[in-house]
>>> print(open('model-v4.tsv').read())   # TSV, C-alpha atoms
chain	number	residue	atom	x	y	z
A	83	MET	CA	0.00	0.00	0.00
A	84	ALA	CA	1.30	3.44	-0.92
A	85	ILE	CA	2.31	5.67	1.97
A	86	ARG	CA	0.17	8.81	2.00
A	87	PHE	CA	-0.02	12.01	4.06
A	88	ASP	CA	-3.61	13.02	3.35
A	89	GLY	CA	-4.96	15.23	6.12
A	90	LYS	CA	-1.50	15.89	7.53
A	91	VAL	CA	0.06	19.35	7.81
A	92	ALA	CA	3.82	19.68	7.39
A	93	ILE	CA	6.27	22.52	7.94
A	94	VAL	CA	9.51	22.27	6.00
A	95	THR	CA	12.13	24.87	6.85
A	96	GLY	CA	14.69	25.98	4.30
A	97	ALA	CA	12.31	24.71	1.61
A	98	GLY	CA	12.99	27.32	-1.05
A	99	GLY	CA	15.55	25.14	-2.81
A	100	GLY	CA	17.69	22.02	-2.67
A	101	LEU	CA	16.70	19.30	-0.23
A	102	GLY	CA	13.98	21.35	1.46
A	103	ARG	CA	12.26	21.99	-1.85
A	104	GLN	CA	12.33	18.31	-2.72
A	105	HIS	CA	11.00	17.36	0.72
A	106	ALA	CA	8.14	19.85	0.36
A	107	LEU	CA	7.27	18.69	-3.16
A	108	ALA	CA	7.38	15.04	-2.13
A	109	LEU	CA	5.16	15.58	0.91
A	110	ALA	CA	2.64	17.56	-1.13
A	111	ALA	CA	2.62	14.95	-3.90
A	112	ARG	CA	1.47	12.39	-1.33
A	113	GLY	CA	-1.30	14.54	0.07
A	114	ALA	CA	0.23	16.71	2.80
A	115	ARG	CA	-0.56	20.38	3.17
A	116	VAL	CA	2.79	22.10	3.34
A	117	VAL	CA	4.14	25.29	4.88
A	118	VAL	CA	7.11	26.17	2.70
A	119	ASN	CA	9.39	28.12	4.99
A	120	ASP	CA	12.40	29.92	3.59
A	121	LEU	CA	14.03	33.21	4.48
A	122	GLY	CA	15.57	33.36	1.02
A	123	VAL	CA	19.09	34.05	2.21
A	124	ALA	CA	22.38	33.34	0.50
A	125	ARG	CA	24.32	30.22	1.45
A	126	ASP	CA	26.16	32.12	4.19
A	127	GLY	CA	22.92	33.49	5.65
A	128	GLU	CA	23.14	36.98	4.15
A	129	GLY	CA	20.23	38.82	2.49
A	130	SER	CA	16.64	37.64	2.20
A	131	SER	CA	13.96	37.09	-0.44
A	132	ALA	CA	10.42	35.70	-0.32
A	133	SER	CA	10.56	34.48	-3.91
A	134	PRO	CA	12.15	31.02	-3.39
A	135	ALA	CA	9.39	29.89	-1.02
A	136	GLN	CA	6.69	31.37	-3.24
A	137	ALA	CA	8.11	29.58	-6.26
A	138	VAL	CA	7.93	26.22	-4.49
A	139	VAL	CA	4.36	26.94	-3.40
A	140	ALA	CA	3.48	27.72	-7.02
A	141	GLU	CA	4.93	24.36	-8.07
A	142	ILE	CA	2.88	22.52	-5.46
A	143	VAL	CA	-0.34	24.33	-6.31
A	144	ALA	CA	0.20	23.79	-10.05
A	145	ALA	CA	0.44	20.06	-9.34
A	146	GLY	CA	-2.86	20.12	-7.45
A	147	GLY	CA	-1.52	20.36	-3.91
A	148	GLU	CA	-1.99	22.80	-1.04
A	149	ALA	CA	0.81	24.97	0.29
A	150	ILE	CA	1.57	28.38	1.73
A	151	ALA	CA	4.82	30.31	1.85
A	152	ASN	CA	6.40	31.62	5.03
A	153	GLY	CA	9.48	33.80	5.36
A	154	ALA	CA	10.19	33.50	9.08
A	155	SER	CA	13.79	33.19	10.18
A	156	VAL	CA	14.18	30.02	12.23
A	157	THR	CA	16.43	32.04	14.57
A	158	ASP	CA	13.45	34.24	15.55
A	159	PRO	CA	11.24	32.32	18.02
A	160	VAL	CA	8.45	34.89	17.83
A	161	ALA	CA	8.26	34.64	14.03
A	162	VAL	CA	8.47	30.85	14.22
A	163	GLN	CA	5.58	30.71	16.70
A	164	ALA	CA	3.54	32.97	14.43
A	165	MET	CA	4.25	30.58	11.52
A	166	VAL	CA	2.98	27.63	13.54
A	167	ASP	CA	-0.05	29.56	14.76
A	168	ASP	CA	-0.92	30.54	11.19
A	169	ALA	CA	-0.69	26.93	10.03
A	170	VAL	CA	-2.92	25.74	12.87
A	171	ALA	CA	-5.44	28.52	12.23
A	172	ARG	CA	-5.55	27.63	8.55
A	173	TRP	CA	-5.42	23.85	8.64
A	174	GLY	CA	-6.06	22.84	12.25
A	175	SER	CA	-2.73	21.28	13.23
A	176	VAL	CA	0.94	20.79	12.54
A	177	ASP	CA	1.65	17.08	12.32
A	178	ILE	CA	5.08	17.04	10.67
A	179	LEU	CA	8.12	19.26	11.16
A	180	VAL	CA	11.17	18.97	8.95
A	181	ASN	CA	14.04	21.01	10.39
A	182	ASN	CA	16.04	21.51	7.21
A	183	ALA	CA	17.10	25.19	7.24
A	184	GLY	CA	20.82	25.76	7.32
A	185	VAL	CA	23.77	27.93	6.36
A	186	LEU	CA	27.48	27.43	5.79
A	187	ARG	CA	30.40	29.59	6.87
A	188	ASP	CA	33.29	27.20	6.28
A	189	LYS	CA	36.83	27.98	7.39
A	190	SER	CA	39.47	26.14	9.32
A	191	PHE	CA	39.02	26.60	13.06
A	192	ALA	CA	42.19	28.69	13.23
A	193	LYS	CA	40.70	31.20	10.77
A	194	MET	CA	37.07	31.02	11.89
A	195	THR	CA	35.61	33.92	13.87
A	196	LEU	CA	33.51	33.30	16.94
A	197	GLU	CA	30.73	35.23	15.22
A	198	ASP	CA	30.69	32.74	12.35
A	199	PHE	CA	30.73	29.84	14.80
A	200	ARG	CA	27.80	31.21	16.81
A	201	PHE	CA	25.78	32.10	13.72
A	202	VAL	CA	25.97	28.62	12.22
A	203	VAL	CA	25.09	27.01	15.56
A	204	ASP	CA	22.23	29.48	15.99
A	205	VAL	CA	20.68	28.64	12.61
A	206	HIS	CA	21.13	24.87	12.67
A	207	LEU	CA	20.73	24.05	16.35
A	208	MET	CA	18.68	26.86	17.85
A	209	GLY	CA	16.65	27.15	14.65
A	210	ALA	CA	15.60	23.53	15.08
A	211	VAL	CA	14.98	24.11	18.79
A	212	ASN	CA	12.78	27.14	18.08
A	213	CYS	CA	10.69	25.31	15.50
A	214	THR	CA	10.38	22.15	17.57
A	215	LYS	CA	9.41	24.08	20.69
A	216	ALA	CA	6.69	25.88	18.73
A	217	VAL	CA	5.03	22.64	17.60
A	218	TRP	CA	5.76	20.47	20.65
A	219	ASP	CA	2.80	21.30	22.88
A	220	GLY	CA	0.33	20.96	20.03
A	221	MET	CA	1.74	17.57	19.10
A	222	ARG	CA	1.56	16.44	22.71
A	223	ALA	CA	-2.06	17.60	22.98
A	224	ARG	CA	-3.04	15.70	19.82
A	225	ASN	CA	-0.87	12.67	20.65
A	226	TYR	CA	0.72	12.78	17.23
A	227	GLY	CA	3.89	14.26	15.83
A	228	ARG	CA	6.69	13.49	13.42
A	229	ILE	CA	9.88	15.55	13.62
A	230	VAL	CA	13.10	15.23	11.65
A	231	MET	CA	16.38	16.98	12.42
A	232	THR	CA	18.82	17.32	9.53
A	233	THR	CA	22.19	16.17	10.77
A	234	SER	CA	25.28	15.51	8.64
A	235	SER	CA	28.25	13.23	8.22
A	236	SER	CA	30.28	16.34	9.05
A	237	GLY	CA	28.76	16.23	12.53
A	238	LEU	CA	28.83	12.48	12.94
A	239	TYR	CA	32.36	11.99	11.65
A	240	GLY	CA	33.95	15.41	11.11
A	241	ASN	CA	35.02	17.37	8.05
A	242	PHE	CA	37.88	19.81	7.60
A	243	GLY	CA	36.79	23.45	7.74
A	244	GLN	CA	33.40	22.75	9.31
A	245	ALA	CA	33.92	22.91	13.07
A	246	ASN	CA	30.88	25.19	13.47
A	247	TYR	CA	28.66	23.18	11.13
A	248	GLY	CA	29.81	19.84	12.51
A	249	ALA	CA	29.26	20.91	16.12
A	250	ALA	CA	25.73	22.09	15.34
A	251	LYS	CA	24.89	18.96	13.37
A	252	MET	CA	26.06	16.61	16.11
A	253	ALA	CA	24.15	18.65	18.67
A	254	LEU	CA	20.99	17.91	16.71
A	255	VAL	CA	21.62	14.20	17.27
A	256	GLY	CA	21.70	14.81	21.02
A	257	LEU	CA	18.49	16.83	20.78
A	258	MET	CA	16.82	14.01	18.84
A	259	GLN	CA	17.95	11.37	21.34
A	260	THR	CA	16.27	13.10	24.26
A	261	LEU	CA	13.15	14.31	22.44
A	262	SER	CA	12.48	10.81	21.14
A	263	ILE	CA	12.42	9.61	24.75
A	264	GLU	CA	10.26	12.48	26.01
A	265	GLY	CA	7.86	12.33	23.07
A	266	ALA	CA	7.27	8.57	23.07
A	267	LYS	CA	4.25	8.60	25.39
A	268	ASN	CA	2.50	11.10	23.10
A	269	ASN	CA	3.26	9.30	19.83
A	270	ILE	CA	5.81	11.93	18.82
A	271	LYS	CA	8.54	10.28	16.79
A	272	VAL	CA	11.80	12.16	16.38
A	273	ASN	CA	14.54	11.16	13.95
A	274	CYS	CA	17.64	12.48	12.18
A	275	LEU	CA	18.38	12.52	8.47
A	276	ALA	CA	22.01	12.72	7.32
A	277	PRO	CA	21.78	13.55	3.60
A	278	THR	CA	24.32	13.54	0.82
A	279	ALA	CA	23.03	15.58	-2.11
A	280	HIS	CA	24.18	18.12	-4.64
A	281	THR	CA	22.65	21.46	-3.71
A	282	ARG	CA	24.06	24.98	-3.49
A	283	MET	CA	25.26	24.01	0.01
A	284	THR	CA	27.63	21.45	-1.50
A	285	GLU	CA	28.49	23.05	-4.83
A	286	ASP	CA	32.08	23.75	-3.77
A	287	LEU	CA	32.64	20.00	-3.36
A	288	GLY	CA	31.95	19.33	-7.02
A	289	ALA	CA	35.40	17.98	-7.78
A	290	ALA	CA	35.05	15.32	-5.08
A	291	LEU	CA	31.46	14.22	-5.67
A	292	PRO	CA	29.74	12.61	-8.69
A	293	LEU	CA	27.13	15.33	-8.83
A	294	GLU	CA	24.96	13.71	-11.46
A	295	ALA	CA	24.28	10.83	-9.02
A	296	LEU	CA	23.52	13.03	-6.02
A	297	GLY	CA	20.18	14.63	-6.80
A	298	PRO	CA	18.27	15.77	-3.69
A	299	GLU	CA	15.21	13.91	-4.95
A	300	LEU	CA	17.06	10.67	-4.15
A	301	VAL	CA	17.16	11.62	-0.45
A	302	SER	CA	13.52	12.63	0.07
A	303	PRO	CA	12.08	9.07	0.13
A	304	GLY	CA	14.06	8.52	3.32
A	305	LEU	CA	12.68	11.72	4.79
A	306	LEU	CA	9.13	10.65	3.93
A	307	TYR	CA	9.62	7.35	5.73
A	308	LEU	CA	10.88	9.12	8.87
A	309	VAL	CA	7.71	11.28	9.04
A	310	SER	CA	5.21	8.61	8.02
A	311	GLU	CA	2.44	7.13	10.17
A	312	ASP	CA	4.49	4.00	10.87
A	313	ALA	CA	7.82	5.77	11.21
A	314	PRO	CA	10.45	4.51	13.61
A	315	SER	CA	11.83	6.83	16.25
A	316	ARG	CA	15.36	7.67	17.37
A	317	VAL	CA	16.88	6.77	14.01
A	318	ILE	CA	19.87	8.39	12.31
A	319	LEU	CA	19.22	7.65	8.66
A	320	ALA	CA	21.96	8.41	6.16
A	321	ALA	CA	20.82	8.91	2.57
A	322	GLY	CA	22.32	9.81	-0.78
A	323	ALA	CA	22.48	8.67	-4.41
A	324	GLY	CA	19.72	6.18	-3.72
A	325	GLY	CA	21.63	4.55	-0.87
A	326	PHE	CA	20.25	4.40	2.67
A	327	GLU	CA	22.19	3.45	5.81
A	328	ARG	CA	21.77	3.75	9.58
A	329	ALA	CA	24.31	5.41	11.84
A	330	TYR	CA	24.52	4.55	15.53
A	331	VAL	CA	26.03	6.01	18.69
A	332	THR	CA	27.45	3.00	20.50
A	333	ILE	CA	29.40	2.17	23.64
A	334	THR	CA	31.91	-0.65	24.12
A	335	GLN	CA	31.97	-3.03	27.06
A	336	GLY	CA	35.32	-1.52	28.06
A	337	ASP	CA	37.45	-2.55	31.03
A	338	TYR	CA	37.96	-1.71	34.71
A	339	ALA	CA	40.83	0.38	36.10
A	340	THR	CA	41.26	1.81	39.57
A	341	GLY	CA	43.83	2.52	42.22
A	342	PRO	CA	47.01	4.62	42.19
A	343	ASP	CA	48.07	3.23	38.81
A	344	ALA	CA	44.65	3.59	37.08
A	345	LEU	CA	46.24	5.85	34.49
A	346	GLU	CA	48.84	3.23	33.58
A	347	GLN	CA	46.15	0.52	33.51
A	348	ILE	CA	44.13	2.60	31.02
A	349	ALA	CA	47.20	3.11	28.86
A	350	ASP	CA	48.08	-0.59	28.93
A	351	ARG	CA	44.52	-1.78	28.24
A	352	PHE	CA	43.30	0.87	25.83
A	353	ASP	CA	42.93	-1.73	23.08
A	354	VAL	CA	40.62	-3.72	25.39
A	355	ILE	CA	38.66	-0.57	26.27
A	356	SER	CA	38.30	0.17	22.55
A	357	ALA	CA	37.33	-3.35	21.44
A	358	ARG	CA	33.96	-3.29	19.69
A	359	THR	CA	32.98	-6.87	20.49
A	360	GLY	CA	29.79	-6.68	22.50
A	361	GLU	CA	29.25	-2.96	21.96
A	362	ILE	CA	25.67	-1.76	22.39
A	363	VAL	CA	23.37	1.06	21.33
A	364	PRO	CA	22.16	2.43	24.70
A	365	GLU	CA	18.47	3.10	25.23
A	366	MET	CA	19.39	6.15	27.27
A	367	GLY	CA	22.40	7.86	28.83
A	368	ALA	CA	22.10	5.92	32.09
A	369	ALA	CA	23.35	2.82	30.27
A	370	GLN	CA	26.90	4.12	30.51
A	371	GLY	CA	26.69	4.28	34.28
A	372	MET	CA	25.18	0.82	34.49
A	373	ILE	CA	28.03	-0.66	32.45
A	374	GLU	CA	30.56	1.06	34.69
A	375	LEU	CA	28.86	0.01	37.93
A	376	THR	CA	28.61	-3.58	36.73
A	377	LYS	CA	32.36	-3.66	36.16
A	378	ALA	CA	32.99	-2.10	39.56
A	379	GLN	CA	30.75	-4.63	41.29
A	380	ALA	CA	32.44	-7.51	39.49
A	381	ALA	CA	35.87	-6.20	40.50
A	382	HIS	CA	34.80	-6.09	44.12
A	383	GLY	CA	33.27	-9.54	44.10
A	384	GLY	CA	29.71	-8.21	43.94
>>> encode(input="model-v4.tsv", output="structure tokens")
Amino acid sequence: MAIRFDGKVAIVTGAGGGLGRQHALALAARGARVVVNDLGVARDGEGSSASPAQAVVAEIVAAGGEAIANGASVTDPVAVQAMVDDAVARWGSVDILVNNAGVLRDKSFAKMTLEDFRFVVDVHLMGAVNCTKAVWDGMRARNYGRIVMTTSSSGLYGNFGQANYGAAKMALVGLMQTLSIEGAKNNIKVNCLAPTAHTRMTEDLGAALPLEALGPELVSPGLLYLVSEDAPSRVILAAGAGGFERAYVTITQGDYATGPDALEQIADRFDVISARTGEIVPEMGAAQGMIELTKAQAAHGG
């Protein structure tokens, strides 16, 4: 059976182009009413224009769908709340939130200004926080919500020149981990998407990427799954060029070291501490403490 979004209302931020545009078009094509949010800024966050969002809305409407444009900056919580309130007033709810808006200000950390670091974190991390906070209570009240954070391999694994971007993107994983726990009782499912696609955000990487194979439309099916009725929760889904993978944050079984020479024990046994045999994906942060206490109890004959 085809997966549909009839009757659902979705907000997609940064939807004036690239991945956001494809996400919005794909949701609308399967029946969702879509708020196309885009400030219309340049890749580095400068300037603004309403036309990109309006153009995407025109595409959706021409194809028989329903959509409205919104130019709120995700860094402005008052404007974000007004966007959500407008969507609820118009269509009755917000069921799906796709936190996709982002900017780049790439430089090596040595050359990066603190202003550029803060700005990128503000857009990616606090922008997602602002949007999620604005829809959270409504989703809890209706016992339904689907939220996706857009993370990145640059956050999960690092990338030269992207300390600000990588820090923000990994922070979104931490946000997702906790919100998926807190939202579970109200059927709010929260996931992360780590896309690889050729958009204006990645155009400088052209020499390293086979751009013809990296269309953003190849990522959106993964996004649709993460916001569907039967979506999983607490997933980091990597997607690009038609390939889909899962990334995990794991912890090894480790080893026990204590006493005056604990430092030397750690140094001597670091290969044992690092061994991935028996590693787990914790259900919550307390799992680390339980692993450590279990080792301590075993060492003391408990």
>>> closest_atom_pairs(input="model-v4.tsv", of="stretch 110-167 of chain A", to="stretch 190-210 of chain A", cutoff="8 Å", atoms="only C-alpha atoms", output="CSV")
residue,atom,partner,partner_atom,distance
A:Val156,CA,A:Gly209,CA,4.5
A:Thr157,CA,A:Gly209,CA,4.9
A:Asp158,CA,A:Gly209,CA,7.8
>>> atom_distance(input="model-v4.tsv", atom1="atom CA of A:Asn268", atom2="atom CA of A:Ile318")
20.6 Å
>>> atom_distance(input="model-v4.tsv", atom1="atom CA of A:Ala249", atom2="atom CA of A:Lys271")
23.3 Å
>>> residues_around(input="model-v4.tsv", residues="A:Ala108", least_positions_apart="2", cutoff="8 Å", atoms="all atoms listed in the file", output="list in words")
Gln104, His105, Ala106, Ala110, Ala111, Arg112, Ser302, Pro303 and Leu306 of chain A
>>> write_last_selection(input="model-v4.tsv", atoms="C-alpha atoms", output="compact mmCIF listing (two decimals), keeping the file's coordinate frame")
# COMPACT_ATOMS: atom_id res chain seq x y z
CA GLN A 104 12.33 18.31 -2.72
CA HIS A 105 11.00 17.36 0.72
CA ALA A 106 8.14 19.85 0.36
CA ALA A 110 2.64 17.56 -1.13
CA ALA A 111 2.62 14.95 -3.90
CA ARG A 112 1.47 12.39 -1.33
CA SER A 302 13.52 12.63 0.07
CA PRO A 303 12.08 9.07 0.13
CA LEU A 306 9.13 10.65 3.93
>>> residues_around(input="model-v4.tsv", residues="A:Gln370", least_positions_apart="5", cutoff="9 Å", atoms="all atoms listed in the file", output="NGL selection string")
:A and (333 or 364 or 375)
